[in-house]
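Single-structure report; data block below.
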Amino acid sequence: MLDLMICHCPRTIEPRLAYEMALQENPANAPQTPGTRRKRSVAYFDKFWAPGRTLRISFTNEPEPSLKDAVFNAACQWLPYVNLDFVLVDDDFDSEIKIHTGGSPLVNYSVFGTDALTSAGASMVLGVTPDMDDFERTVIHEFGHALGAEHEHQHPAADIPWDIPKVYAHYAVKGHSKEVVDEAVLSKVVGASIRKTPYDRHSIMHYPVPQELTLGDWEIGVNDRISDKDKAFMRLAYPR
């Protein structure tokens with residue numbers, strides 16, 4: 001079986017502040033229903049950066065220049081599909097994306113989009129290093145979150161026939177609680193404004209789904225590149 005890891009993206013502990021910062025950054029983040037401007041629960045709103053802006057990227061722990069360059073180069077693979085720019089800066093005081101490197105290679109995560117504006121410390125943690133086979137894929141995945149994308153396997157239309165007891169057992173061995181598995185693997189993303197493209201089993205934001213953890217003949221391998229639907233999603237989120 002694939003050695004599955006959970007990218008447990010932290011949810012803000014101050015949803016009202018996250019909501020206010022998201023709308024201040026980009027008014028289009030406001031929750032909407034088709035044909036109306038009616039506000040819904042604060043839980044359901046987009047967290048996309050304002051199109052056309054430059055996101056400053058810094059590192060909180062001064063890694064080797066080669067690691068910084070490798071992370072930046074992988075992140076920049078998103079740039080052809082978003083109306084944004086990235087720039088590396090030395091001072092993390094004013095940067096929008098603050099990255100902490102090092103630690104366990106199994107620990108990689110990012111907050112969602114504009115939630116980074118509410119983060120006192122690092123908004124992204126990367127334990128992978130360029131010598132690892134999954135380095136580039138992991139960095140691209142985490143920067144997808146940093147741009148506001150959710151996990152694709154949690155898309156409302158992703159009818160994955162999980163063998164739920166086996167899923168819990170698999171991740172329990174890796175130290176993940178039932179609550180974390182529910183939040184990062186099994187639950188569905190809800191809210192009409194959050195998803196703007198159909199379900200994409202080839203998305204870089206999709207976890208692998210081993211046959212051993214599903215019922216019947218159903219599996220998805222490792223997606224290691226930005227898919228066509230990923231590109232379409234980002235073009236909708238960040239129009240030119």
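Ordering of the structure tokens sets the chain letters (A, B, ...); residue numbers start at 1 within each chain; ligands are numbered from 1 in the order shown.
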Quick one: everything within 9 Å of Phe143 (chain A), counting only C-alpha atoms, minus sequence neighbours fewer than 6 positions away in the same chain. Send it as an MDAnalysis selection string.
-> chainID A and resid 74:75 78 110 113 124 149
Those residues you just picked out, can you put them in a file as a PDB file, in the first residue's frame with N, CA and C atoms?
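To be explicit, this is the file written out as selection_17.pdb:
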```pdb
ATOM      1  N   ALA A  74       9.242  25.313  -7.227  1.00  0.00           N
ATOM      2  CA  ALA A  74       8.074  24.430  -7.277  1.00  0.00           C
ATOM      3  C   ALA A  74       6.789  25.232  -7.137  1.00  0.00           C
ATOM      4  N   ALA A  75       6.778  26.193  -6.216  1.00  0.00           N
ATOM      5  CA  ALA A  75       5.590  27.026  -6.010  1.00  0.00           C
ATOM      6  C   ALA A  75       5.226  27.791  -7.272  1.00  0.00           C
ATOM      7  N   TRP A  78       2.495  27.241 -10.230  1.00  0.00           N
ATOM      8  CA  TRP A  78       1.123  27.724 -10.257  1.00  0.00           C
ATOM      9  C   TRP A  78       0.977  29.032 -11.041  1.00  0.00           C
ATOM     10  N   SER A 110      -0.359  23.699   5.078  1.00  0.00           N
ATOM     11  CA  SER A 110      -0.503  25.138   4.913  1.00  0.00           C
ATOM     12  C   SER A 110      -1.894  25.544   5.351  1.00  0.00           C
ATOM     13  N   GLY A 113      -5.265  29.934   1.970  1.00  0.00           N
ATOM     14  CA  GLY A 113      -5.320  31.272   1.404  1.00  0.00           C
ATOM     15  C   GLY A 113      -5.138  32.391   2.408  1.00  0.00           C
ATOM     16  N   MET A 124       2.852  28.046   6.700  1.00  0.00           N
ATOM     17  CA  MET A 124       3.111  26.789   5.998  1.00  0.00           C
ATOM     18  C   MET A 124       4.288  26.096   6.655  1.00  0.00           C
ATOM     19  N   ALA A 149      -7.122  26.658  -2.273  1.00  0.00           N
ATOM     20  CA  ALA A 149      -7.758  25.421  -2.733  1.00  0.00           C
ATOM     21  C   ALA A 149      -7.912  24.421  -1.591  1.00  0.00           C
TER      22      ALA A 149
END
```
All helix (DSSP H, G or I) residues (DSSP, backbone) inside region 25-232 of chain A, as a PyMOL selection string | chain A and resi 25+27-29+65-81+113-118+135-146+152-154+164-173+178-186+211-213+228-232
Tell me which of A:Gln154, A:Thr118, A:Lys47, A:Leu17 sits closest to Ala30 (chain A), counting only C-alpha atoms.
->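 Residue with the minimum atom-to-atom distance to Ala30 (chain A): A:Lys47.
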Shell of 6 Å around Thr54 (chain A), only C-alpha atoms, local chain residues under 3 positions omitted, as a ChimeraX atom specification = /A:84-86
Those same residues - N, CA and C atoms - I'd like them written as a short mmCIF file (atom, residue, chain, number, x, y, z; two decimals), in the first residue's frame.
```cif
data_model
loop_
_atom_site.label_atom_id
_atom_site.label_comp_id
_atom_site.auth_asym_id
_atom_site.auth_seq_id
_atom_site.Cartn_x
_atom_site.Cartn_y
_atom_site.Cartn_z
N LEU A 84 -1.40 36.39 -10.27
CA LEU A 84 -0.63 36.70 -9.08
C LEU A 84 0.84 36.66 -9.43
N ASP A 85 1.66 37.17 -8.53
CA ASP A 85 3.10 37.00 -8.66
C ASP A 85 3.65 36.61 -7.29
N PHE A 86 4.78 35.94 -7.27
CA PHE A 86 5.47 35.57 -6.04
C PHE A 86 6.82 36.27 -6.00
#
```
Can you list, as a list in words, every protein, DNA or RNA residue that comes within 7 Å of region 217-232 of chain A when you count only C-alpha atoms, leaving out same-chain residues fewer than 4 positions away?
-> Tyr81, Arg137, Asp200, His202, Ser203, Ile204, Pro208, Val209, Pro210, Gln211 and Leu236 of chain A
Å distance separating CA of Val125 (chain A) from CA of Gly102 (chain A), one decimal place |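 Computing the Euclidean distance for CA of Val125 (chain A) and CA of Gly102 (chain A) yields 8.1 Å.
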List the neighbours of Gly148 (chain A) out to 9 Å using only C-alpha atoms; skip same-chain residues closer than 3 positions along the sequence, and give me the result as number ranges by chain.
-> A: 46-49, 111-115, 143-145, 237
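Proximity ranking of A:Glu62, A:Ala122, A:Ala28, A:His8 relative to Tyr109 (chain A) places A:His8 first, based on only C-alpha atoms.
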In Å, rounded to a single decimal, give me how far CA of Lys68 (chain A) is from CA of Met132 (chain A).
->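 The value is 15.0 Å.
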